[in-house]
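Visitor: My structure is below; once you've seen it, I'll send some questions.
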Amino acid sequence: KDLSMKDYLNEIISSFKEISQKNFIFNYDQFSNVKKISKSIEIVYGLRNFIGNANKFSNEAIYITLKSDSEFTEITIEDDGKGYPKDVLSKIGEPYLRTNDPIEKSKTGLGLGLFIGKTLLEKNFASINCRNSKTRSGAEVIIKWNNKDLFNI
């Protein structure tokens, strides 16, 4: 069935709330419920990967913000964890990614979740920007679509 991006995000967040003790804070604007998009397993799976990473690496909270206007739809996923290790930041989205930091190494995976999420979303016309949050301690992922691409999938 076709849902709005807000509905898709609500479904994904609900599934994580069932298995996680962490706080999910979801903010959205009044335009985020207007347009429906065709069910895209790739988009849902890509968003799940990024939200799953935020859940895994956060201390207590995951912040998800959805903004839409007539031209763009943007999702920001932030966590309150340690953020991306400095030596990994420039290589995010590559598979088999490892930090050289011995303390961080024990807690990180191979970067495959990020790689798969990024690949699936980019295949569906999203631009992805991964960085350390300017407002919180953790990582931040900004996923942005031009609406003419998003609603024609």
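Residue numbering restarts at 1 in every chain; chains get A, B, ... in the order shown in the structure tokens, and ligands count up from 1 in that same order.
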Could you name the residues that touch range 40-44 of chain A at 9 Å or less, counting only C-alpha atoms, but leaving out those on the same chain fewer than 3 positions away, as a list in words?
Guide: Asp2, Tyr8, Leu9, Ile12, Ile37, Leu47, Arg48, Asn49, Gly117, Leu120, Leu121, Lys123, Asn124 and Ile153 of chain A
Visitor: What's around Leu66 in chain A at 8 Å? Count only C-alpha atoms, leave out sequence neighbours fewer than 2 positions away in its own chain, and write the answer as a ChimeraX atom specification.
Guide: /A:6,26-29,32,64,68,73-76
Visitor: Just write the chosen residues, N, CA and C atoms, as a PDB file, in the first residue's frame.
Guide:
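Result went into part-v3.pdb, see below:
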ATOM      1  N   LYS A   6       6.039   9.995   6.465  1.00  0.00           N
ATOM      2  CA  LYS A   6       5.799  10.022   7.911  1.00  0.00           C
ATOM      3  C   LYS A   6       5.285   8.661   8.389  1.00  0.00           C
ATOM      4  N   PHE A  26      10.641  11.676  17.347  1.00  0.00           N
ATOM      5  CA  PHE A  26      10.303  11.873  15.938  1.00  0.00           C
ATOM      6  C   PHE A  26       9.604  13.219  15.766  1.00  0.00           C
ATOM      7  N   ASN A  27      10.234  14.103  15.026  1.00  0.00           N
ATOM      8  CA  ASN A  27       9.655  15.411  14.720  1.00  0.00           C
ATOM      9  C   ASN A  27       9.388  15.500  13.227  1.00  0.00           C
ATOM     10  N   TYR A  28       8.280  16.115  12.867  1.00  0.00           N
ATOM     11  CA  TYR A  28       7.943  16.256  11.456  1.00  0.00           C
ATOM     12  C   TYR A  28       7.113  17.519  11.277  1.00  0.00           C
ATOM     13  N   ASP A  29       7.099  18.005  10.047  1.00  0.00           N
ATOM     14  CA  ASP A  29       6.334  19.217   9.768  1.00  0.00           C
ATOM     15  C   ASP A  29       4.971  18.869   9.175  1.00  0.00           C
ATOM     16  N   SER A  32       4.607  16.704   5.867  1.00  0.00           N
ATOM     17  CA  SER A  32       5.192  15.365   5.761  1.00  0.00           C
ATOM     18  C   SER A  32       4.166  14.256   5.589  1.00  0.00           C
ATOM     19  N   ILE A  64      14.842  11.720  15.075  1.00  0.00           N
ATOM     20  CA  ILE A  64      14.517  11.613  13.654  1.00  0.00           C
ATOM     21  C   ILE A  64      13.651  12.817  13.289  1.00  0.00           C
ATOM     22  N   SER A  68       9.473  18.446   4.846  1.00  0.00           N
ATOM     23  CA  SER A  68       9.044  18.401   3.452  1.00  0.00           C
ATOM     24  C   SER A  68       8.550  19.768   3.029  1.00  0.00           C
ATOM     25  N   THR A  73      12.209  16.545   0.181  1.00  0.00           N
ATOM     26  CA  THR A  73      11.886  15.798   1.391  1.00  0.00           C
ATOM     27  C   THR A  73      13.214  15.414   2.021  1.00  0.00           C
ATOM     28  N   GLU A  74      13.360  15.723   3.314  1.00  0.00           N
ATOM     29  CA  GLU A  74      14.631  15.484   4.004  1.00  0.00           C
ATOM     30  C   GLU A  74      14.384  14.799   5.338  1.00  0.00           C
ATOM     31  N   ILE A  75      15.179  13.751   5.581  1.00  0.00           N
ATOM     32  CA  ILE A  75      15.127  13.019   6.850  1.00  0.00           C
ATOM     33  C   ILE A  75      16.488  13.141   7.504  1.00  0.00           C
ATOM     34  N   THR A  76      16.494  13.564   8.754  1.00  0.00           N
ATOM     35  CA  THR A  76      17.732  13.621   9.529  1.00  0.00           C
ATOM     36  C   THR A  76      17.616  12.615  10.664  1.00  0.00           C
TER      37      THR A  76
END
Visitor: Choose the residue, out of A:Ser38, A:Asn55, A:Ser4, A:Ser137, that has the smallest atom-to-atom separation from Phe16 in chain A; count only C-alpha atoms.
Guide: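 That would be A:Asn55, the residue with the smallest distance to Phe16 in chain A.
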Visitor: Excluding Glu60 in chain A and residues on its chain fewer than 3 positions from it, collect all residues at most 9 Å away from it, counting only C-alpha atoms, and give them as a list in words.
Guide: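 Close residues of Glu60 in chain A: Gln21, Lys22, Asn23, Phe24, Asn55, Asp79, Asp80 and Gly81 of chain A.
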Visitor: Could you write out the selected residues, including C-alpha atoms, as a short mmCIF file (atom, residue, chain, number, x, y, z; two decimals), in the first residue's frame?
Guide:
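As written to disk, selection.cif reads:
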data_model
loop_
_atom_site.label_atom_id
_atom_site.label_comp_id
_atom_site.auth_asym_id
_atom_site.auth_seq_id
_atom_site.Cartn_x
_atom_site.Cartn_y
_atom_site.Cartn_z
CA GLN A 21 14.75 0.51 25.53
CA LYS A 22 15.94 3.76 23.97
CA ASN A 23 13.97 6.94 23.30
CA PHE A 24 12.95 7.66 19.74
CA ASN A 55 19.79 2.70 17.82
CA ASP A 79 21.94 9.81 17.94
CA ASP A 80 23.53 10.76 21.26
CA GLY A 81 26.42 8.30 21.01
#
Visitor: Using the chain letters and numbers from this document, which residues of chain A does DSSP assign to strand (DSSP E or B), as a PyMOL selection string?
Guide: chain A and resi 3-4+23-28+36-37+61-68+72-79+127-132+139-146
Visitor: Please run DSSP on the backbone and report, as a ChimeraX atom specification, all residues within chain A that come out as alpha helix (DSSP H).
Guide: /A:5-17,41-57,86-89,102-105,112-123,147-150
Visitor: Filtering to N, CA and C atoms, could you give me those residues as a short mmCIF file (atom, residue, chain, number, x, y, z; two decimals), in the first residue's frame?
Guide:
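Result file out.cif:
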data_model
loop_
_atom_site.label_atom_id
_atom_site.label_comp_id
_atom_site.auth_asym_id
_atom_site.auth_seq_id
_atom_site.Cartn_x
_atom_site.Cartn_y
_atom_site.Cartn_z
N MET A 5 5.73 9.41 3.78
CA MET A 5 7.04 9.16 4.39
C MET A 5 6.90 9.14 5.91
N LYS A 6 6.04 10.00 6.47
CA LYS A 6 5.80 10.02 7.91
C LYS A 6 5.28 8.66 8.39
N ASP A 7 4.35 8.07 7.64
CA ASP A 7 3.81 6.76 8.01
C ASP A 7 4.87 5.67 7.94
N TYR A 8 5.70 5.70 6.88
CA TYR A 8 6.79 4.72 6.79
C TYR A 8 7.72 4.83 7.99
N LEU A 9 8.11 6.07 8.32
CA LEU A 9 9.02 6.27 9.45
C LEU A 9 8.36 5.82 10.76
N ASN A 10 7.08 6.13 10.94
CA ASN A 10 6.37 5.67 12.15
C ASN A 10 6.39 4.15 12.26
N GLU A 11 6.20 3.45 11.14
CA GLU A 11 6.23 1.98 11.15
C GLU A 11 7.62 1.47 11.55
N ILE A 12 8.66 2.06 10.97
CA ILE A 12 10.03 1.63 11.27
C ILE A 12 10.35 1.90 12.74
N ILE A 13 10.03 3.09 13.22
CA ILE A 13 10.30 3.47 14.61
C ILE A 13 9.55 2.53 15.56
N SER A 14 8.30 2.23 15.26
CA SER A 14 7.51 1.32 16.11
C SER A 14 8.17 -0.05 16.22
N SER A 15 8.70 -0.54 15.11
CA SER A 15 9.34 -1.87 15.14
C SER A 15 10.59 -1.86 16.02
N PHE A 16 11.32 -0.73 16.05
CA PHE A 16 12.50 -0.64 16.93
C PHE A 16 12.10 -0.48 18.39
N LYS A 17 11.02 0.24 18.64
CA LYS A 17 10.57 0.44 20.03
C LYS A 17 10.22 -0.89 20.69
N ILE A 41 10.41 -1.23 -0.97
CA ILE A 41 11.14 -2.06 -0.01
C ILE A 41 12.55 -1.51 0.16
N GLU A 42 13.14 -1.03 -0.94
CA GLU A 42 14.51 -0.51 -0.88
C GLU A 42 14.61 0.71 0.02
N ILE A 43 13.64 1.63 -0.10
CA ILE A 43 13.67 2.83 0.74
C ILE A 43 13.46 2.45 2.20
N VAL A 44 12.47 1.61 2.47
CA VAL A 44 12.19 1.19 3.84
C VAL A 44 13.41 0.48 4.44
N TYR A 45 14.02 -0.40 3.69
CA TYR A 45 15.18 -1.15 4.17
C TYR A 45 16.37 -0.22 4.40
N GLY A 46 16.57 0.73 3.48
CA GLY A 46 17.66 1.69 3.63
C GLY A 46 17.48 2.54 4.88
N LEU A 47 16.27 3.06 5.09
CA LEU A 47 15.99 3.86 6.29
C LEU A 47 16.15 3.03 7.55
N ARG A 48 15.69 1.78 7.50
CA ARG A 48 15.82 0.86 8.65
C ARG A 48 17.29 0.69 9.04
N ASN A 49 18.16 0.56 8.04
CA ASN A 49 19.59 0.38 8.33
C ASN A 49 20.16 1.58 9.08
N PHE A 50 19.82 2.78 8.62
CA PHE A 50 20.35 3.98 9.27
C PHE A 50 19.76 4.17 10.67
N ILE A 51 18.47 3.91 10.81
CA ILE A 51 17.83 4.04 12.13
C ILE A 51 18.35 2.94 13.06
N GLY A 52 18.58 1.76 12.52
CA GLY A 52 19.15 0.66 13.31
C GLY A 52 20.55 0.99 13.82
N ASN A 53 21.37 1.61 12.98
CA ASN A 53 22.71 2.04 13.41
C ASN A 53 22.61 3.08 14.52
N ALA A 54 21.70 4.03 14.36
CA ALA A 54 21.53 5.07 15.38
C ALA A 54 21.11 4.41 16.70
N ASN A 55 20.22 3.43 16.63
CA ASN A 55 19.79 2.70 17.82
C ASN A 55 20.97 1.97 18.46
N LYS A 56 21.76 1.33 17.64
CA LYS A 56 22.89 0.54 18.13
C LYS A 56 23.96 1.40 18.81
N PHE A 57 24.24 2.56 18.25
CA PHE A 57 25.35 3.36 18.74
C PHE A 57 24.94 4.50 19.67
N LYS A 86 36.91 9.54 13.71
CA LYS A 86 37.46 10.51 12.75
C LYS A 86 38.06 9.84 11.52
N ASP A 87 38.74 8.71 11.71
CA ASP A 87 39.42 8.07 10.58
C ASP A 87 38.45 7.36 9.63
N VAL A 88 37.20 7.26 10.02
CA VAL A 88 36.20 6.56 9.21
C VAL A 88 35.33 7.54 8.43
N LEU A 89 35.20 8.76 8.93
CA LEU A 89 34.25 9.73 8.36
C LEU A 89 34.36 9.89 6.85
N PRO A 102 41.60 1.37 18.67
CA PRO A 102 41.37 0.08 19.33
C PRO A 102 40.16 0.06 20.26
N ILE A 103 39.82 1.20 20.85
CA ILE A 103 38.67 1.25 21.75
C ILE A 103 37.38 1.17 20.96
N GLU A 104 37.32 1.89 19.85
CA GLU A 104 36.11 1.90 19.02
C GLU A 104 35.95 0.60 18.23
N LYS A 105 37.07 -0.02 17.86
CA LYS A 105 37.05 -1.20 16.99
C LYS A 105 36.16 -2.31 17.53
N LEU A 112 28.80 -2.57 6.74
CA LEU A 112 27.94 -3.08 5.67
C LEU A 112 26.53 -2.50 5.75
N GLY A 113 26.02 -2.27 6.95
CA GLY A 113 24.69 -1.67 7.10
C GLY A 113 24.64 -0.29 6.46
N LEU A 114 25.67 0.51 6.74
CA LEU A 114 25.75 1.85 6.13
C LEU A 114 25.89 1.75 4.62
N PHE A 115 26.74 0.84 4.18
CA PHE A 115 26.97 0.66 2.74
C PHE A 115 25.67 0.26 2.04
N ILE A 116 24.97 -0.71 2.60
CA ILE A 116 23.72 -1.19 1.98
C ILE A 116 22.66 -0.10 2.02
N GLY A 117 22.50 0.54 3.18
CA GLY A 117 21.51 1.61 3.31
C GLY A 117 21.77 2.74 2.32
N LYS A 118 23.01 3.15 2.24
CA LYS A 118 23.40 4.24 1.34
C LYS A 118 23.16 3.85 -0.13
N THR A 119 23.56 2.63 -0.48
CA THR A 119 23.39 2.15 -1.85
C THR A 119 21.92 2.08 -2.25
N LEU A 120 21.08 1.52 -1.36
CA LEU A 120 19.65 1.39 -1.68
C LEU A 120 18.98 2.75 -1.82
N LEU A 121 19.31 3.68 -0.93
CA LEU A 121 18.67 5.00 -0.99
C LEU A 121 19.18 5.81 -2.19
N GLU A 122 20.47 5.73 -2.46
CA GLU A 122 21.01 6.46 -3.62
C GLU A 122 20.44 5.91 -4.93
N LYS A 123 20.22 4.61 -4.98
CA LYS A 123 19.61 3.98 -6.15
C LYS A 123 18.19 4.55 -6.37
N ASN A 147 11.58 15.99 -4.59
CA ASN A 147 10.25 15.36 -4.61
C ASN A 147 9.86 14.78 -5.96
N LYS A 148 10.32 15.39 -7.04
CA LYS A 148 9.94 14.86 -8.35
C LYS A 148 10.55 13.46 -8.56
N ASP A 149 11.66 13.18 -7.90
CA ASP A 149 12.26 11.83 -7.96
C ASP A 149 11.57 10.88 -6.98
N LEU A 150 11.33 11.37 -5.78
CA LEU A 150 10.77 10.52 -4.72
C LEU A 150 9.36 10.04 -5.06
#
Visitor: Which distance in Å separates CA of Thr135 in chain A and CA of Val34 in chain A, to one decimal?
Guide: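 Separating CA of Thr135 in chain A from CA of Val34 in chain A is a distance of 28.6 Å.
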Visitor: Pick from A:Asp69, A:Ile77, A:Arg136, A:Asn59: nearest to Ile25 in chain A, with only C-alpha atoms counted?
Guide: A:Ile77
Visitor: In Å, rounded to a single decimal, give me how far CA of Leu3 in chain A is from CA of Lys67 in chain A.
Guide: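 We find that CA of Lys67 in chain A and CA of Leu3 in chain A lie 15.9 Å from each other.
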Visitor: Can you list, as a list in words, every protein, DNA or RNA residue that comes within 8 Å of Gly138 in chain A when you count only C-alpha atoms, leaving out same-chain residues fewer than 4 positions away?
Guide: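 Using only C-alpha atoms, the neighbours found are Ser58, Glu78, Asp79, Asp80, Gly81, Lys82, Gly83, Tyr84, Asn132 and Ser133 of chain A.
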Visitor: One number please: CA of Ser70 in chain A to CA of Asn146 in chain A, in Å, one decimal.
Guide: 9.2 Å
